[in-house]
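*Asks:* My structure is below; once you've seen it, I'll send some questions.
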Amino acid sequence: MEFVEGWVSLLCLLILCPCQYVCVSVSFSNQQPLNVALGQRLVLEALVVQTPEEQVLSVMWEREEEGGSVQRKVRVAEFPGTPSNLRVTTKKEGAILSITDFHKEDYGLYTITITDRHGNQRFASRLVKQSEKAPKASVSLLCDVPRGMEQWDSPEFLWLVDGEVVSNQTANLSADGRKLFIHTTCRQNYTCIVSSSLGTSSVHYIIGLDCAEEQQTQNGCHAHIGVAVFCSCLLILILLYILYICRRCGLLQRLCPAKRPERNGAF
């Protein structure tokens with residue numbers, strides 16, 4: 001009984017007096033390298049977990065060049081504080097780092113370090129690599145891109161029909177914008193543009209003809225088919241008539257006499 005009471009007392013003590021060394025933690029939801037194309041925007045979001053009693057004094061973001069002979073860390077941003085680089089911003093009390101117009105020198109290993117009120121520090125890192133080539137878009141009225149590389153955002157889809165941007169008000173699109181439902185064949189040129197932090201790519205899809213041209217083409221095809229059928233029937237009738245006349249006049253036997261069988265041996 002005393003043993004049980006001791007464990008209950010220890011549990012109550014841990015709940016009422018949380019340990020100062022494990023009250024704050026930081027991590028990334030995914031440890032895979034993040035890919036970003038030059039000129040695009042990078043968003044790194046760290047998951048900071050803390051108890052209500054705990055307080056984070058500072059958050060610091062640093063970048064370490066990948067594969068360099070000399071490991072050099074560069075301070076990118078700090079919260080509280082204002083970044084010196086106008087392309088860099090922080091949100092959510094420093095947990096989110098955003099860099100616009102990504103440059104070549106911005107690639108590397110990013111580390112976030114948080115410091116609590118007791119002076120304890122926790123950190124997490126994630127590698128940011130260059131996206132050499134934007135994912136190639138493919139479409140069969142369903143526009144999509146391969147998901148082989150990690151990225152912080154989701155692709156955005158834009159549809160153009162005959163050069164005009166369409167939306168849910170002017171066309172029937174799926175909720176995510178990937179699928180365009182077609183209800184007419186009068187449109188000719190469909191274009192899907194996919195944009196994300198990995199880059200921008202587009203693909204074109206041509207279906208049907210213009211309504212007036214399609215009607216003219218169908219009428220022309222029907223006319224040509226009718227003429228061909230008429231000529232074929234007329235030619236067959238002429239040939240049958242000629243054969244009939246030849247048989248009546250005996251010309252067929254005179255022009256094609258029966259071949260006599262050859263005799264073998266001596267007389």
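Following the order of the structure tokens, chains are lettered A, B, ..., residues in each are numbered from 1, and ligands are numbered from 1.
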DSSP says strand (DSSP E) for which residues of stretch 14-143 of chain A? Put them as a ChimeraX atom specification?

*Replies:* /A:24-27,34-36,42-45,47-50,56-64,73-79,88-91,96-99,108-116,121-130,138-139,143

*Asks:* Using only C-alpha atoms, determine which residues lie at most 8 Å from A:Met60, disregarding the query and same-chain residues fewer than 4 positions distant; provide the list as a PyMOL selection string.

*Replies:* chain A and resi 75-79+94+112-114

*Asks:* Can you spit out the residues from that selection as a CSV table (one decimal), in the first residue's frame, using N, CA and C atoms?

*Replies:*
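result19.csv was written with the following content:
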```
chain,number,residue,atom,x,y,z
A,75,ARG,N,23.7,33.6,-39.8
A,75,ARG,CA,22.4,33.9,-39.1
A,75,ARG,C,21.5,34.5,-40.2
A,76,VAL,N,20.3,33.8,-40.3
A,76,VAL,CA,19.3,34.2,-41.3
A,76,VAL,C,18.3,35.2,-40.7
A,77,ALA,N,17.7,34.8,-39.5
A,77,ALA,CA,16.7,35.6,-38.9
A,77,ALA,C,16.7,35.3,-37.4
A,78,GLU,N,16.1,36.2,-36.6
A,78,GLU,CA,16.0,36.0,-35.2
A,78,GLU,C,14.7,36.6,-34.7
A,79,PHE,N,14.1,35.9,-33.8
A,79,PHE,CA,12.8,36.5,-33.2
A,79,PHE,C,13.0,36.5,-31.6
A,94,GLY,N,8.3,33.3,-34.8
A,94,GLY,CA,9.6,32.8,-35.3
A,94,GLY,C,9.6,31.4,-35.7
A,112,ILE,N,16.9,25.7,-36.8
A,112,ILE,CA,16.2,26.6,-35.9
A,112,ILE,C,16.6,26.2,-34.4
A,113,THR,N,16.9,27.2,-33.7
A,113,THR,CA,17.3,27.1,-32.3
A,113,THR,C,16.4,27.9,-31.4
A,114,ILE,N,15.8,27.3,-30.4
A,114,ILE,CA,14.9,28.0,-29.5
A,114,ILE,C,15.5,27.9,-28.1
```

*Asks:* With only C-alpha atoms as the atoms that count, which of A:Thr200, A:Gln121, A:Thr90, A:Ser84 lies nearest to A:Phe157?

*Replies:*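 Using only C-alpha atoms, A:Phe157 sits closest to A:Thr200.
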
*Asks:* Which of these, A:Cys246, A:Val165, A:Val227, A:Leu160, has the shortest distance to A:Tyr205 once you count only C-alpha atoms?

*Replies:* A:Leu160

*Asks:* Report, in Å with one decimal, the straight-line distance from atom CA of A:Gln50 to atom CA of A:Gly119.

*Replies:*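 These two atoms are separated by 14.5 Å.
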
*Asks:* With distances taken over only C-alpha atoms, which residue among A:Ser154, A:Ser58, A:Asn189, A:Thr115 lies nearest A:Asp176?

*Replies:* A:Ser154

*Asks:* In Å, with one decimal, what is the gap from atom CA of A:Glu53 to atom CA of A:Phe123?

*Replies:*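 Pair atom CA of A:Glu53 / atom CA of A:Phe123 returns 20.1 Å.
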
*Asks:* Given the choices A:Asn85, A:Asn35, A:Gln40, A:Asn168, which gets closest to A:Val128 if the distance is worked out from only C-alpha atoms?

*Replies:* A:Asn35
